[in-house]
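Novice: This is target13.pdb (PDB, C-alpha atoms and all ligand atoms).
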```pdb
MODEL        1
ATOM      1  CA  ALA A   1     105.385 107.030 106.331
ATOM      2  CA  LYS A   2     103.335 109.284 104.140
ATOM      3  CA  GLY A   3     105.921 112.053 104.352
ATOM      4  CA  GLU A   4     108.690 109.602 103.505
ATOM      5  CA  GLY A   5     106.846 108.419 100.429
ATOM      6  CA  GLY A   6     106.364 111.994  99.345
ATOM      7  CA  GLY A   7     110.082 112.569  99.832
ATOM      8  CA  ARG A   8     110.935 109.607  97.689
ATOM      9  CA  PHE A   9     108.654 110.811  94.956
ATOM     10  CA  PHE A  10     110.220 114.234  95.147
ATOM     11  CA  PHE A  11     113.691 112.691  94.829
ATOM     12  CA  PHE A  12     112.559 110.452  91.987
ATOM     13  CA  ASP A  13     111.037 113.421  90.162
ATOM     14  CA  LYS A  14     114.214 115.418  90.514
ATOM     15  CA  GLN A  15     116.345 112.582  89.178
ATOM     16  CA  LEU A  16     113.976 111.914  86.349
ATOM     17  CA  GLY A  17     113.900 115.608  85.537
ATOM     18  CA  ALA A  18     117.693 115.742  85.387
ATOM     19  CA  GLU A  19     117.793 112.641  83.199
ATOM     20  CA  ILE A  20     115.232 114.098  80.790
ATOM     21  CA  ARG A  21     117.109 117.410  80.668
ATOM     22  CA  LEU A  22     120.333 115.550  79.852
ATOM     23  CA  LEU A  23     118.681 113.576  77.058
ATOM     24  CA  ARG A  24     117.194 116.790  75.621
ATOM     25  CA  GLN A  25     120.654 118.383  75.783
ATOM     26  CA  LEU A  26     122.204 115.405  74.008
ATOM     27  CA  GLU A  27     119.496 115.502  71.368
ATOM     28  CA  ALA A  28     120.168 119.197  70.790
ATOM     29  CA  ASP A  29     123.937 118.642  70.600
ATOM     30  CA  LEU A  30     124.025 115.520  68.443
ATOM     31  CA  PRO A  31     123.804 117.124  64.976
ATOM     32  CA  ALA A  32     126.826 119.367  65.661
ATOM     33  CA  ALA A  33     128.680 116.469  67.278
ATOM     34  CA  ILE A  34     128.321 114.426  64.116
ATOM     35  CA  GLU A  35     129.273 117.394  61.988
ATOM     36  CA  HIS A  36     132.341 118.267  64.084
ATOM     37  CA  ASP A  37     133.621 114.722  64.387
ATOM     38  CA  GLN A  38     133.020 114.280  68.108
ATOM     39  CA  ILE A  39     131.997 110.694  67.419
ATOM     40  CA  ASP A  40     134.982 108.375  67.714
ATOM     41  CA  ILE A  41     135.311 104.682  67.230
ATOM     42  CA  TYR A  42     136.568 102.319  69.862
ATOM     43  CA  TYR A  43     137.577  98.830  68.818
ATOM     44  CA  GLN A  44     136.986  95.679  70.813
ATOM     45  CA  PRO A  45     138.945  92.531  69.912
ATOM     46  CA  VAL A  46     137.285  89.182  69.178
ATOM     47  CA  LEU A  47     139.538  86.270  70.103
ATOM     48  CA  ARG A  48     139.770  82.947  68.258
ATOM     49  CA  LEU A  49     140.121  80.522  71.142
ATOM     50  CA  SER A  50     142.014  77.823  69.212
ATOM     51  CA  ASN A  51     145.109  79.979  68.671
ATOM     52  CA  ASN A  52     144.589  83.225  70.656
ATOM     53  CA  GLU A  53     144.585  85.256  67.447
ATOM     54  CA  VAL A  54     142.512  88.402  67.302
ATOM     55  CA  ALA A  55     140.154  87.346  64.532
ATOM     56  CA  GLY A  56     138.554  90.748  64.280
ATOM     57  CA  PHE A  57     137.489  93.947  65.961
ATOM     58  CA  GLU A  58     134.016  95.341  66.567
ATOM     59  CA  ALA A  59     133.658  99.073  65.926
ATOM     60  CA  LEU A  60     131.762 100.758  68.780
ATOM     61  CA  ALA A  61     130.763 104.393  68.593
ATOM     62  CA  ARG A  62     131.852 106.810  71.358
ATOM     63  CA  TRP A  63     130.749 110.418  71.789
ATOM     64  CA  CYS A  64     133.336 112.739  73.305
ATOM     65  CA  HIS A  65     131.008 115.488  74.459
ATOM     66  CA  PRO A  66     132.734 118.761  75.392
ATOM     67  CA  ALA A  67     130.653 119.194  78.574
ATOM     68  CA  GLN A  68     129.379 115.711  79.438
ATOM     69  CA  GLY A  69     132.592 113.782  78.760
ATOM     70  CA  GLN A  70     132.292 110.393  77.151
ATOM     71  CA  VAL A  71     128.658 109.578  76.447
ATOM     72  CA  SER A  72     127.652 105.932  76.108
ATOM     73  CA  PRO A  73     126.084 104.698  72.875
ATOM     74  CA  ALA A  74     123.346 103.254  75.076
ATOM     75  CA  LYS A  75     122.267 106.908  75.520
ATOM     76  CA  PHE A  76     122.861 108.416  72.101
ATOM     77  CA  ILE A  77     122.135 105.613  69.620
ATOM     78  CA  SER A  78     118.448 105.644  70.509
ATOM     79  CA  ILE A  79     118.355 109.448  70.175
ATOM     80  CA  ALA A  80     120.100 109.124  66.828
ATOM     81  CA  GLU A  81     117.540 106.530  65.753
ATOM     82  CA  GLU A  82     114.536 108.581  66.857
ATOM     83  CA  THR A  83     115.790 111.684  65.059
ATOM     84  CA  GLY A  84     117.016 109.858  61.964
ATOM     85  CA  LEU A  85     120.582 111.095  62.608
ATOM     86  CA  ILE A  86     121.688 107.461  62.803
ATOM     87  CA  VAL A  87     121.854 107.411  59.020
ATOM     88  CA  GLU A  88     124.621 110.020  58.980
ATOM     89  CA  LEU A  89     126.246 108.776  62.179
ATOM     90  CA  GLY A  90     126.281 105.198  60.925
ATOM     91  CA  GLU A  91     127.817 106.244  57.650
ATOM     92  CA  LYS A  92     130.575 108.163  59.471
ATOM     93  CA  VAL A  93     131.327 105.129  61.643
ATOM     94  CA  MET A  94     131.532 102.900  58.563
ATOM     95  CA  ARG A  95     133.719 105.372  56.689
ATOM     96  CA  LYS A  96     136.137 105.970  59.574
ATOM     97  CA  GLY A  97     136.281 102.286  60.494
ATOM     98  CA  MET A  98     136.936 101.109  56.959
ATOM     99  CA  ARG A  99     139.581 103.768  56.407
ATOM    100  CA  GLU A 100     141.405 102.677  59.552
ATOM    101  CA  ALA A 101     140.945  98.983  58.862
ATOM    102  CA  ALA A 102     142.128  99.215  55.249
ATOM    103  CA  SER A 103     145.724  98.717  56.436
ATOM    104  CA  TRP A 104     144.957  95.776  58.728
ATOM    105  CA  HIS A 105     146.021  92.246  57.907
ATOM    106  CA  SER A 106     143.686  90.554  55.443
ATOM    107  CA  SER A 107     142.622  87.930  58.003
ATOM    108  CA  THR A 108     141.411  90.516  60.541
ATOM    109  CA  TRP A 109     137.757  91.382  60.176
ATOM    110  CA  LEU A 110     136.053  94.660  61.056
ATOM    111  CA  SER A 111     132.518  94.385  62.348
ATOM    112  CA  VAL A 112     130.105  97.271  62.238
ATOM    113  CA  ASN A 113     126.690  97.504  63.896
ATOM    114  CA  LEU A 114     123.724  98.365  61.717
ATOM    115  CA  SER A 115     120.602  99.998  63.095
ATOM    116  CA  PRO A 116     117.160  98.995  61.807
ATOM    117  CA  VAL A 117     116.623 102.665  60.987
ATOM    118  CA  GLN A 118     119.691 102.701  58.716
ATOM    119  CA  LEU A 119     118.406  99.603  56.985
ATOM    120  CA  GLY A 120     114.996 101.192  56.650
ATOM    121  CA  GLU A 121     116.522 103.694  54.207
ATOM    122  CA  ALA A 122     116.328 102.655  50.598
ATOM    123  CA  GLY A 123     119.723 103.249  49.000
ATOM    124  CA  PHE A 124     121.667 101.958  52.003
ATOM    125  CA  CYS A 125     123.251  99.250  49.899
ATOM    126  CA  ASP A 126     124.557 101.725  47.313
ATOM    127  CA  ARG A 127     125.952 104.031  49.998
ATOM    128  CA  LEU A 128     127.751 101.133  51.615
ATOM    129  CA  LYS A 129     129.322 100.212  48.283
ATOM    130  CA  GLU A 130     130.455 103.795  47.799
ATOM    131  CA  VAL A 131     132.023 103.881  51.287
ATOM    132  CA  MET A 132     133.848 100.611  50.646
ATOM    133  CA  ALA A 133     135.160 101.785  47.302
ATOM    134  CA  SER A 134     136.349 105.173  48.556
ATOM    135  CA  SER A 135     138.091 103.817  51.666
ATOM    136  CA  GLY A 136     140.184 101.200  49.880
ATOM    137  CA  PHE A 137     138.812  98.582  52.243
ATOM    138  CA  ASP A 138     138.559  94.934  51.259
ATOM    139  CA  PRO A 139     134.847  93.972  51.516
ATOM    140  CA  GLY A 140     136.006  90.451  52.382
ATOM    141  CA  CYS A 141     137.082  91.825  55.782
ATOM    142  CA  LEU A 142     133.705  93.364  56.626
ATOM    143  CA  VAL A 143     131.187  91.828  59.008
ATOM    144  CA  LEU A 144     127.823  93.562  59.323
ATOM    145  CA  GLU A 145     126.111  93.000  62.680
ATOM    146  CA  ILE A 146     122.329  92.897  62.630
ATOM    147  CA  THR A 147     120.035  92.119  65.557
ATOM    148  CA  GLU A 148     117.090  89.756  65.387
ATOM    149  CA  ASN A 149     114.697  92.595  66.074
ATOM    150  CA  THR A 150     115.875  94.400  62.956
ATOM    151  CA  LEU A 151     114.584  91.593  60.796
ATOM    152  CA  ILE A 152     111.059  91.710  62.188
ATOM    153  CA  ARG A 153     110.591  95.231  60.786
ATOM    154  CA  GLU A 154     109.360  94.727  57.254
ATOM    155  CA  SER A 155     111.044  97.872  55.866
ATOM    156  CA  ALA A 156     114.405  96.865  57.339
ATOM    157  CA  ALA A 157     113.985  93.213  56.395
ATOM    158  CA  GLU A 158     113.506  94.183  52.778
ATOM    159  CA  VAL A 159     116.768  96.151  52.692
ATOM    160  CA  ALA A 160     118.453  93.329  54.625
ATOM    161  CA  ARG A 161     117.464  90.874  51.900
ATOM    162  CA  GLU A 162     118.917  93.235  49.301
ATOM    163  CA  LEU A 163     122.108  93.565  51.378
ATOM    164  CA  PHE A 164     122.526  89.811  51.672
ATOM    165  CA  ARG A 165     121.912  89.412  47.935
ATOM    166  CA  GLU A 166     124.337  92.101  46.825
ATOM    167  CA  MET A 167     127.009  92.048  49.515
ATOM    168  CA  ARG A 168     127.704  88.361  49.810
ATOM    169  CA  ASP A 169     129.143  88.257  46.288
ATOM    170  CA  LEU A 170     131.598  90.956  47.376
ATOM    171  CA  GLY A 171     132.667  88.794  50.307
ATOM    172  CA  VAL A 172     130.895  90.759  53.045
ATOM    173  CA  ARG A 173     129.823  88.601  55.995
ATOM    174  CA  PHE A 174     126.907  88.939  58.397
ATOM    175  CA  ALA A 175     126.554  88.366  62.134
ATOM    176  CA  LEU A 176     123.298  87.895  64.023
ATOM    177  CA  ASP A 177     123.842  90.080  67.105
ATOM    178  CA  ASP A 178     122.445  89.669  70.639
ATOM    179  CA  PHE A 179     121.192  86.221  69.718
ATOM    180  CA  GLY A 180     118.568  84.842  72.055
ATOM    181  CA  THR A 181     117.185  88.145  73.304
ATOM    182  CA  GLY A 182     115.027  89.272  70.387
ATOM    183  CA  TYR A 183     111.914  88.193  68.624
ATOM    184  CA  SER A 184     113.117  85.842  66.009
ATOM    185  CA  SER A 185     112.719  82.273  65.039
ATOM    186  CA  LEU A 186     115.109  79.652  63.837
ATOM    187  CA  SER A 187     113.723  80.115  60.338
ATOM    188  CA  THR A 188     115.807  83.338  60.299
ATOM    189  CA  PHE A 189     118.763  81.073  59.508
ATOM    190  CA  ARG A 190     116.975  79.616  56.511
ATOM    191  CA  ARG A 191     115.928  82.992  55.173
ATOM    192  CA  TYR A 192     119.170  84.865  55.750
ATOM    193  CA  PRO A 193     122.601  83.317  55.144
ATOM    194  CA  PHE A 194     124.327  84.554  58.300
ATOM    195  CA  ASP A 195     127.994  83.705  58.849
ATOM    196  CA  ASN A 196     128.317  84.410  62.577
ATOM    197  CA  ILE A 197     126.054  84.171  65.618
ATOM    198  CA  LYS A 198     126.791  86.308  68.679
ATOM    199  CA  ILE A 199     125.558  84.825  71.946
ATOM    200  CA  ASP A 200     124.136  87.693  73.976
ATOM    201  CA  LYS A 201     126.150  88.711  77.015
ATOM    202  CA  SER A 202     123.253  88.083  79.412
ATOM    203  CA  PHE A 203     123.640  84.312  78.854
ATOM    204  CA  VAL A 204     127.412  84.446  79.252
ATOM    205  CA  ARG A 205     127.071  86.498  82.441
ATOM    206  CA  ASP A 206     124.851  83.839  84.024
ATOM    207  CA  MET A 207     126.313  80.692  82.511
ATOM    208  CA  LEU A 208     128.210  79.608  85.640
ATOM    209  CA  THR A 209     125.330  80.238  88.032
ATOM    210  CA  SER A 210     122.273  79.336  85.986
ATOM    211  CA  PRO A 211     121.921  75.862  84.449
ATOM    212  CA  GLU A 212     119.355  77.330  82.052
ATOM    213  CA  ALA A 213     121.781  79.995  80.794
ATOM    214  CA  ARG A 214     124.493  77.353  80.396
ATOM    215  CA  ALA A 215     122.142  75.074  78.467
ATOM    216  CA  ILE A 216     121.237  77.955  76.150
ATOM    217  CA  VAL A 217     124.906  78.769  75.523
ATOM    218  CA  GLN A 218     125.596  75.113  74.720
ATOM    219  CA  ALA A 219     122.553  74.892  72.465
ATOM    220  CA  VAL A 220     123.596  77.967  70.475
ATOM    221  CA  ILE A 221     127.117  76.565  70.064
ATOM    222  CA  GLY A 222     125.588  73.317  68.781
ATOM    223  CA  LEU A 223     123.253  75.224  66.481
ATOM    224  CA  GLY A 224     126.175  77.183  65.072
ATOM    225  CA  ARG A 225     128.176  74.022  64.488
ATOM    226  CA  GLY A 226     125.251  72.316  62.769
ATOM    227  CA  LEU A 227     124.625  75.274  60.524
ATOM    228  CA  GLY A 228     128.305  75.881  59.808
ATOM    229  CA  LEU A 229     128.329  79.293  61.504
ATOM    230  CA  LYS A 230     131.000  80.883  63.638
ATOM    231  CA  VAL A 231     129.811  81.403  67.206
ATOM    232  CA  VAL A 232     131.068  84.406  69.181
ATOM    233  CA  ALA A 233     130.345  84.602  72.916
ATOM    234  CA  GLU A 234     129.914  88.231  74.014
ATOM    235  CA  GLY A 235     130.503  89.785  77.410
ATOM    236  CA  VAL A 236     133.185  87.383  78.674
ATOM    237  CA  GLU A 237     134.393  88.914  81.932
ATOM    238  CA  THR A 238     135.941  86.066  83.929
ATOM    239  CA  GLU A 239     138.451  83.250  83.446
ATOM    240  CA  GLY A 240     135.757  80.847  84.625
ATOM    241  CA  GLN A 241     133.412  81.877  81.837
ATOM    242  CA  LEU A 242     136.195  81.602  79.270
ATOM    243  CA  GLU A 243     137.103  78.121  80.474
ATOM    244  CA  ALA A 244     133.465  77.017  80.380
ATOM    245  CA  LEU A 245     133.145  78.369  76.834
ATOM    246  CA  ARG A 246     136.249  76.430  75.783
ATOM    247  CA  ASP A 247     134.825  73.286  77.400
ATOM    248  CA  ASP A 248     131.583  73.802  75.513
ATOM    249  CA  GLY A 249     133.438  74.116  72.201
ATOM    250  CA  CYS A 250     132.877  77.819  71.557
ATOM    251  CA  GLU A 251     135.275  79.139  68.902
ATOM    252  CA  TYR A 252     135.313  82.905  69.502
ATOM    253  CA  ALA A 253     135.031  85.170  72.528
ATOM    254  CA  GLN A 254     134.707  88.891  73.132
ATOM    255  CA  GLY A 255     134.528  90.751  76.434
ATOM    256  CA  PHE A 256     136.275  92.833  79.046
ATOM    257  CA  LEU A 257     138.453  89.858  80.070
ATOM    258  CA  ILE A 258     139.925  89.704  76.567
ATOM    259  CA  GLY A 259     139.993  93.406  75.906
ATOM    260  CA  ARG A 260     137.892  96.473  76.575
ATOM    261  CA  PRO A 261     136.865  98.644  73.657
ATOM    262  CA  ALA A 262     139.786 101.034  73.060
ATOM    263  CA  PRO A 263     140.928 103.616  70.537
ATOM    264  CA  ARG A 264     142.778 102.371  67.481
ATOM    265  CA  SER A 265     146.072 103.624  68.932
ATOM    266  CA  ALA A 266     145.842 101.080  71.773
ATOM    267  CA  PHE A 267     146.521  98.178  69.416
ATOM    268  CA  GLY A 268     149.718  99.070  67.584
ATOM    269  CA  ASP A 269     150.617  97.387  64.298
ATOM    270  CA  LEU A 270     147.693  95.459  62.849
ATOM    271  CA  SER A 271     149.214  94.840  59.441
ATOM    272  CA  ARG A 272     150.275  91.432  60.737
ATOM    273  CA  PRO A 273     148.177  88.804  62.505
ATOM    274  CA  PHE A 274     147.680  89.925  66.097
ATOM    275  CA  PHE A 275     147.806  87.536  69.041
ATOM    276  CA  LEU A 276     146.848  88.048  72.658
ATOM    277  CA  GLY A 277     148.025  86.404  75.853
TER     278      GLY A 277
HETATM  279  P1  LIG A 301     126.486  95.599  71.080
HETATM  280  O1  LIG A 301     126.536  95.639  69.598
HETATM  281  O2  LIG A 301     125.906  94.385  71.710
HETATM  282  O3  LIG A 301     127.991  95.828  71.554
HETATM  283  C1  LIG A 301     128.560  95.209  72.676
HETATM  284  C2  LIG A 301     128.450  96.062  73.902
HETATM  285  O4  LIG A 301     128.859  95.293  75.027
HETATM  286  C3  LIG A 301     129.359  97.280  73.868
HETATM  287  O5  LIG A 301     128.708  98.329  74.581
HETATM  288  C4  LIG A 301     130.574  96.784  74.652
HETATM  289  O6  LIG A 301     131.332  97.842  75.231
HETATM  290  C5  LIG A 301     129.896  95.970  75.707
HETATM  291  N1  LIG A 301     130.774  94.950  76.271
HETATM  292  C6  LIG A 301     131.825  94.352  75.676
HETATM  293  N2  LIG A 301     132.390  93.441  76.493
HETATM  294  C7  LIG A 301     131.670  93.471  77.638
HETATM  295  C8  LIG A 301     131.765  92.756  78.885
HETATM  296  O7  LIG A 301     132.629  91.912  79.091
HETATM  297  N3  LIG A 301     130.836  93.051  79.833
HETATM  298  C9  LIG A 301     129.869  93.976  79.628
HETATM  299  N4  LIG A 301     129.009  94.206  80.622
HETATM  300  N5  LIG A 301     129.748  94.677  78.473
HETATM  301  C10 LIG A 301     130.642  94.420  77.486
HETATM  302  P2  LIG A 301     128.680  99.812  74.031
HETATM  303  O8  LIG A 301     129.966 100.145  73.326
HETATM  304  O9  LIG A 301     128.233 100.667  75.163
HETATM  305  O10 LIG A 301     127.551  99.758  72.925
HETATM  306  C11 LIG A 301     126.215  99.483  73.289
HETATM  307  C12 LIG A 301     125.382  99.201  72.083
HETATM  308  O11 LIG A 301     125.271 100.400  71.284
HETATM  309  C13 LIG A 301     125.972  98.158  71.157
HETATM  310  O12 LIG A 301     125.685  96.879  71.654
HETATM  311  C14 LIG A 301     125.269  98.495  69.872
HETATM  312  O13 LIG A 301     123.981  97.937  69.860
HETATM  313  C15 LIG A 301     125.136 100.005  69.959
HETATM  314  N6  LIG A 301     126.185 100.629  69.123
HETATM  315  C16 LIG A 301     127.454 100.946  69.431
HETATM  316  N7  LIG A 301     128.089 101.518  68.385
HETATM  317  C17 LIG A 301     127.170 101.560  67.379
HETATM  318  C18 LIG A 301     127.207 102.033  66.013
HETATM  319  O14 LIG A 301     128.223 102.512  65.482
HETATM  320  N8  LIG A 301     126.042 101.894  65.291
HETATM  321  C19 LIG A 301     124.915 101.343  65.816
HETATM  322  N9  LIG A 301     123.817 101.247  65.053
HETATM  323  N10 LIG A 301     124.858 100.887  67.077
HETATM  324  C20 LIG A 301     125.968 101.004  67.843
HETATM  325 CA    CA A 302     143.480  94.771  54.531
HETATM  326 CA    CA A 303     127.284  94.326  68.069
HETATM  327 CA    CA A 304     125.753  92.281  71.033
ENDMDL
END
```
What does this structure look like when you write it as structure tokens?

Specialist:
Amino acid sequence: AKGEGGGRFFFFDKQLGAEIRLLRQLEADLPAAIEHDQIDIYYQPVLRLSNNEVAGFEALARWCHPAQGQVSPAKFISIAEETGLIVELGEKVMRKGMREAASWHSSTWLSVNLSPVQLGEAGFCDRLKEVMASSGFDPGCLVLEITENTLIRESAAEVARELFREMRDLGVRFALDDFGTGYSSLSTFRRYPFDNIKIDKSFVRDMLTSPEARAIVQAVIGLGRGLGLKVVAEGVETEGQLEALRDDGCEYAQGFLIGRPAPRSAFGDLSRPFFLG
């Protein structure tokens, strides 16, 4: 038994070593990847359940690494945050996304994820304005996604308050991402005028098997209705989940069932309203 344990540790060490080497490699390669445009955007549709219209698309970063293939943002966003490269990466994603979305129909929103590190930079608000102006994008089509945990960092919260103050007049909207998983309180909704709430995919995943998860989904939908916010359920993978969300009165859904994140070319003409199904 002792030998077996040793073997397992050896195996574990080797795997861990390979994982660490890969992360170091990615960290070394990321600056050039950003510089040489190896970061692409995939778009994932958000469906309005009342009429099956694609209400908007979420921009999700993808790294096409010459040796590693497609690297998940789960791996490189945290590296980008730790090294500060997220500031440049995030700006490229915004610029590319807004340029592509400038020709979309005026009712189709583009949502972009913001990292707490990006928000921690003073001057973010001015850079965002510059990107909007130079891309010809209508700010009324932009949704900025912020997680609860972003708002508990004082430096980021300060810039967030500035963003809300200055961007709302331009028509920019805000979504509270991964709702229910972070450290926040309901007073967030009194302090920050969010427009959308995104129910985290962990609740949607379990909603048909866990009464607690279902109750949380229903409570968030009720909260959104009471506060006049749009509620988007994330991570919808099955017809059963979609049906349950309809039954519970959820207005918007996003997930592999509706559409996987895909390159812009997968969606064809977006200058007109786009319907699925
Ligand atoms: P997120 O903002 O919560 O984005 C949703 C994630 O859920 C995406 O993962 C998407 O591919 C995945 N997803 C969508 N539908 C389903 C489903 O039905 N089932 C499951 N299991 N997953 C689904 P992705 O693209 O790997 O991105 C992971 C995270 O990386 C994002 O989570 C976001 O926090 C971050 N991220 C991605 N792009 C950017 C970016 O440009 N900037 C920043 N700051 N963060 C980004
Ligand atoms: Ca437009
Ligand atoms: Ca998001
Ligand atoms: Ca999310």

Novice: Using all atoms listed in the file, find each residue with an atom at most 12 Å away from ligand CA 304 (chain A) and format the answer as a short mmCIF file (atom, residue, chain, number, x, y, z; two decimals) with C-alpha atoms, keeping the file's coordinate frame.

Specialist:
```
data_model
loop_
_atom_site.label_atom_id
_atom_site.label_comp_id
_atom_site.auth_asym_id
_atom_site.auth_seq_id
_atom_site.Cartn_x
_atom_site.Cartn_y
_atom_site.Cartn_z
CA GLN A 44 136.99 95.68 70.81
CA GLU A 58 134.02 95.34 66.57
CA ALA A 59 133.66 99.07 65.93
CA LEU A 60 131.76 100.76 68.78
CA ALA A 74 123.35 103.25 75.08
CA SER A 111 132.52 94.38 62.35
CA VAL A 112 130.10 97.27 62.24
CA ASN A 113 126.69 97.50 63.90
CA LEU A 114 123.72 98.36 61.72
CA LEU A 144 127.82 93.56 59.32
CA GLU A 145 126.11 93.00 62.68
CA ILE A 146 122.33 92.90 62.63
CA THR A 147 120.04 92.12 65.56
CA GLU A 148 117.09 89.76 65.39
CA ALA A 175 126.55 88.37 62.13
CA LEU A 176 123.30 87.90 64.02
CA ASP A 177 123.84 90.08 67.10
CA ASP A 178 122.44 89.67 70.64
CA PHE A 179 121.19 86.22 69.72
CA GLY A 180 118.57 84.84 72.06
CA THR A 181 117.18 88.14 73.30
CA GLY A 182 115.03 89.27 70.39
CA ASN A 196 128.32 84.41 62.58
CA ILE A 197 126.05 84.17 65.62
CA LYS A 198 126.79 86.31 68.68
CA ILE A 199 125.56 84.82 71.95
CA ASP A 200 124.14 87.69 73.98
CA LYS A 201 126.15 88.71 77.02
CA SER A 202 123.25 88.08 79.41
CA PHE A 203 123.64 84.31 78.85
CA VAL A 204 127.41 84.45 79.25
CA VAL A 232 131.07 84.41 69.18
CA ALA A 233 130.34 84.60 72.92
CA GLU A 234 129.91 88.23 74.01
CA GLY A 235 130.50 89.78 77.41
CA VAL A 236 133.18 87.38 78.67
CA ALA A 253 135.03 85.17 72.53
CA GLN A 254 134.71 88.89 73.13
CA GLY A 255 134.53 90.75 76.43
#
```

Novice: Looking at all atoms listed in the file, which of A:Arg190, A:Arg99, A:Arg21, A:Arg48 is the one that sits closest to ligand CA 302 (chain A)?

Specialist: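 Distance minimum relative to ligand CA 302 (chain A) lands on A:Arg99.
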
Novice: Here is a test: counting only C-alpha atoms and all ligand atoms, which residue of A:Gln118, A:Ser103, A:Asn51, A:Asn149 is nearest to ligand LIG 301 (chain A)?

Specialist: A:Gln118

Novice: Could you tell me which of A:Gly228, A:Gly140, A:Pro66, A:Gly259 comes closest to ligand LIG 301 (chain A) if we count all atoms listed in the file?

Specialist: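 Residue with the minimum atom-to-atom distance to ligand LIG 301 (chain A): A:Gly259.
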
Novice: Report as a VMD selection string the residues that result from applying the PyMOL selection byres (((chain A and resi 263-272) around 10) and not hetatm) to the structure here.

Specialist: chain A and resid 40 to 45 54 59 to 60 62 97 100 to 108 260 to 262 273 to 275

Novice: Go ahead and dump the residues you just picked, C-alpha atoms, as a PDB file, in the frame of the given file.

Specialist:
```
ATOM      1  CA  ASP A  40     134.982 108.375  67.714  1.00  0.00           C
ATOM      2  CA  ILE A  41     135.311 104.682  67.230  1.00  0.00           C
ATOM      3  CA  TYR A  42     136.568 102.319  69.862  1.00  0.00           C
ATOM      4  CA  TYR A  43     137.577  98.830  68.818  1.00  0.00           C
ATOM      5  CA  GLN A  44     136.986  95.679  70.813  1.00  0.00           C
ATOM      6  CA  PRO A  45     138.945  92.531  69.912  1.00  0.00           C
ATOM      7  CA  VAL A  54     142.512  88.402  67.302  1.00  0.00           C
ATOM      8  CA  ALA A  59     133.658  99.073  65.926  1.00  0.00           C
ATOM      9  CA  LEU A  60     131.762 100.758  68.780  1.00  0.00           C
ATOM     10  CA  ARG A  62     131.852 106.810  71.358  1.00  0.00           C
ATOM     11  CA  GLY A  97     136.281 102.286  60.494  1.00  0.00           C
ATOM     12  CA  GLU A 100     141.405 102.677  59.552  1.00  0.00           C
ATOM     13  CA  ALA A 101     140.945  98.983  58.862  1.00  0.00           C
ATOM     14  CA  ALA A 102     142.128  99.215  55.249  1.00  0.00           C
ATOM     15  CA  SER A 103     145.724  98.717  56.436  1.00  0.00           C
ATOM     16  CA  TRP A 104     144.957  95.776  58.728  1.00  0.00           C
ATOM     17  CA  HIS A 105     146.021  92.246  57.907  1.00  0.00           C
ATOM     18  CA  SER A 106     143.686  90.554  55.443  1.00  0.00           C
ATOM     19  CA  SER A 107     142.622  87.930  58.003  1.00  0.00           C
ATOM     20  CA  THR A 108     141.411  90.516  60.541  1.00  0.00           C
ATOM     21  CA  ARG A 260     137.892  96.473  76.575  1.00  0.00           C
ATOM     22  CA  PRO A 261     136.865  98.644  73.657  1.00  0.00           C
ATOM     23  CA  ALA A 262     139.786 101.034  73.060  1.00  0.00           C
ATOM     24  CA  PRO A 273     148.177  88.804  62.505  1.00  0.00           C
ATOM     25  CA  PHE A 274     147.680  89.925  66.097  1.00  0.00           C
ATOM     26  CA  PHE A 275     147.806  87.536  69.041  1.00  0.00           C
TER      27      PHE A 275
END
```

Novice: Translate the PyMOL selection byres (((chain A and resi 109) around 6) and not hetatm), as applied to the file shown, into an explicit residue set as a list in words.

Specialist: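 Evaluating the PyMOL selection byres (((chain A and resi 109) around 6) and not hetatm) on these coordinates yields Gly56, Thr108, Leu110, Cys141 and Leu142 of chain A.
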
Novice: Report the distance between atom N7 of ligand LIG 301 (chain A) and atom CA of Ala215 of chain A in Å, rounded to one decimal place.

Specialist: 28.9 Å
